[in-house]
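Here is the structure we will look at, set down as C-alpha cells.
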Number of protein chains: 2
Amino acid sequence: MLRLKTTTDPAWVDRAIAHLDEVLVDHAHCEKKAASMALTLMFRYPERGALLRPLSALAREEMQHFEQVLDHIEARGIRFRRIGTGGYAARLLKAVRTAEPARLLDTLLCCAVIEARSCERMKLLAEGLAEHDAELSRFYRGLLASEARHHALYVDLADHLFDRAEVRRRLDAICAHEATVLAELPPTARMHG
Amino acid sequence: MLRLKTTTDPAWVDRAIAHLDEVLVDHAHCEKKAASMALTLMFRYPERGALLRPLSALAREEMQHFEQVLDHIEARGIRFRRIGTGGYAARLLKAVRTAEPARLLDTLLCCAVIEARSCERMKLLAEGLAEHDAELSRFYRGLLASEARHHALYVDLADHLFDRAEVRRRLDAICAHEATVLAELPPTARMHG
C-alpha cells in the first residue's frame, strides 16, 4: 500500500533504539514540519478548495502528535532542542518540478512518500521497542494508522486534482528518487536517517 | 481587559455588514495566518519549552476556526480566494525590535494585540449582525471567548518569560502603536480594516 521502493535496513532500528533521545526529539520536529508543510500548501493554493479542509485537519492532527511526542520527551527528562535537519526532506523535495501545476502534484506526492516512510519506520520502532519499552512501543503503534491515513490523503488529493495515470507515473518516479535519497544519507538516529 | 487604546469606528461595522463576503474571506485568511504565526514562533524558539505546547494548541484551535469560517463561506456560495493583506499585521509588527530577547517579547505582545482587536471586532460583528443574520451573529459570539483567551495566553506567555513591569511597558507602547496603525489604514471591509 505504501508503494516505497526499499525497506529500511534493520540496522536503523538498532541505531534508533540505542539513541531514543535523539529519535524522539527528531520525531517531534518532524510532526511540527509536517504541520508546517500542510499550512504552506494552504497558503500557496488558496484557490484549490479541495485541499484546504483536509490539509487543515491534517495540520491539526500533526500538531497534536507534536504535543504527544513532547509528553514522551518530558516524561523521560529529555530536553527538547533545536537539531539540524537530517537532509532527507530537502533532498527528496529536489524532485519537485518548478512549473505549476507540476509543482503542486510533485509536492503532494513527496508529502505522501514522507508519510509512507514515517509509517514504515514507526512500525519498525513499535516492533523493535516491544520488549525494551512497552509504553513507547504502544505510542508508535498508535501513530501508524494516522501516518498511513496521511499518506493516503496526499495521494487522494493528487488523484482528485490530476490525471490518475500521471499521478501513478510521478509517484513511481518520486518513490525511486526517495530510495536513492535514503541510500545516500549518512546513517543517523533520525526518523528518516 | 483587552487594553486597546482605541475603540473601532462604528462605520466599520456598517462597512463590514455591507461586504460580508469580503469579511468572511478575510477572516478565514486571518485564522490561517494566526495559526502560521504560532508555528513560526515554535520553529524560531524550540528551546523555549514554555511556549511550545500552548502555541501548538492555539494553532490547532485557529485551524479549526479556519475550517468553521470555510463552512460559512461555502454555505453562502462564496468562493474562497486569495486577497491582498490589508497591511494591518505587517505595519503592527514593525514595532518588533530586532535583537533577542526583545524580538520575542514584542512579537508575543503584537500577537496579543491582534487577538484583542479581533475580539473587539467580532463582538461588534456579533452585535451588528444580530438582526440581519442570526446564524453568523451566533458564530461570531461563539468565537469571542477564544479570541479573548488567545489574547490572554500571549500576555501570560510574555509574563512568564519576561519581567512583568517590562511587559506592561511594552504592551502599552505596542497598543499605542496599534492605534496609530489602525487610524492610518484606509477604510476597508476587513477584520482589521
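Identifiers for the C-alpha cells are assigned positionally: chains receive A, B, ... in sequence, residues are indexed from 1 per chain, and ligands are indexed from 1 in the order shown.
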
Next item on the list: Pick out the residues sitting within 8 Å of region 122-137 of chain A, and hand them over as a ChimeraX atom specification; count only C-alpha atoms, and ignore anything fewer than 2 positions along from it in its own chain.
Entry: /A:13-14,16-17,72,118-120,139-141,143-144

Within 6 Å of chain A: each chain B residue with its shortest pair, only C-alpha atoms, as a Markdown table:
```
| residue | atom | partner | partner_atom | distance |
| --- | --- | --- | --- | --- |
| B:Pro46 | CA | A:Arg81 | CA | 5.8 |
| B:Glu47 | CA | A:Arg81 | CA | 5.3 |
| B:Ser56 | CA | A:Met63 | CA | 6.0 |
| B:Arg60 | CA | A:Arg60 | CA | 4.9 |
| B:Met63 | CA | A:Ser56 | CA | 5.9 |
| B:Arg81 | CA | A:Glu47 | CA | 5.2 |
| B:Arg82 | CA | A:Pro46 | CA | 5.8 |
```

Next item on the list: Would you return as a PyMOL selection string the members of region 1-154 of chain B that DSSP assigns to helix (DSSP H, G or I) on this structure's backbone?
Entry: chain B and resi 10-18+20-44+49-75+88-95+102-129+134-154

Margin query: Quick one: residues within 9 Å of region 20-23 of chain B, only C-alpha atoms, excluding same-chain residues fewer than 2 positions away - as a count of residues only?
Written below: 16

Next item on the list: Skip Leu157 (chain A) itself and residues of its chain fewer than 4 positions away, then list as a PyMOL selection string all residues within 10 Å of it, counting only C-alpha atoms.
Entry: chain A and resi 50-51+54-55+105+108-109+112+152-153+161-162

Store the residues picked out above in a file with C-alpha atoms, as a CSV table (one decimal), in the first residue's frame.
```
chain,number,residue,atom,x,y,z
A,50,ALA,CA,-10.4,20.7,-2.3
A,51,LEU,CA,-7.0,21.0,-0.5
A,54,PRO,CA,-8.2,18.1,4.5
A,55,LEU,CA,-4.9,19.9,4.9
A,105,LEU,CA,1.4,17.4,-7.9
A,108,LEU,CA,1.7,16.4,-2.8
A,109,LEU,CA,3.4,13.1,-3.8
A,112,ALA,CA,2.8,11.2,0.6
A,152,ALA,CA,-3.4,8.0,1.5
A,153,LEU,CA,-4.8,11.5,1.9
A,161,LEU,CA,-6.7,17.2,-8.9
A,162,PHE,CA,-4.7,15.4,-11.6
```

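CA of Lys94 (chain A) lies 19.0 Å from CA of Thr6 (chain A).
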
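For the pair CA of Ala176 (chain B) and CA of Thr7 (chain B), the separation is 12.2 Å.
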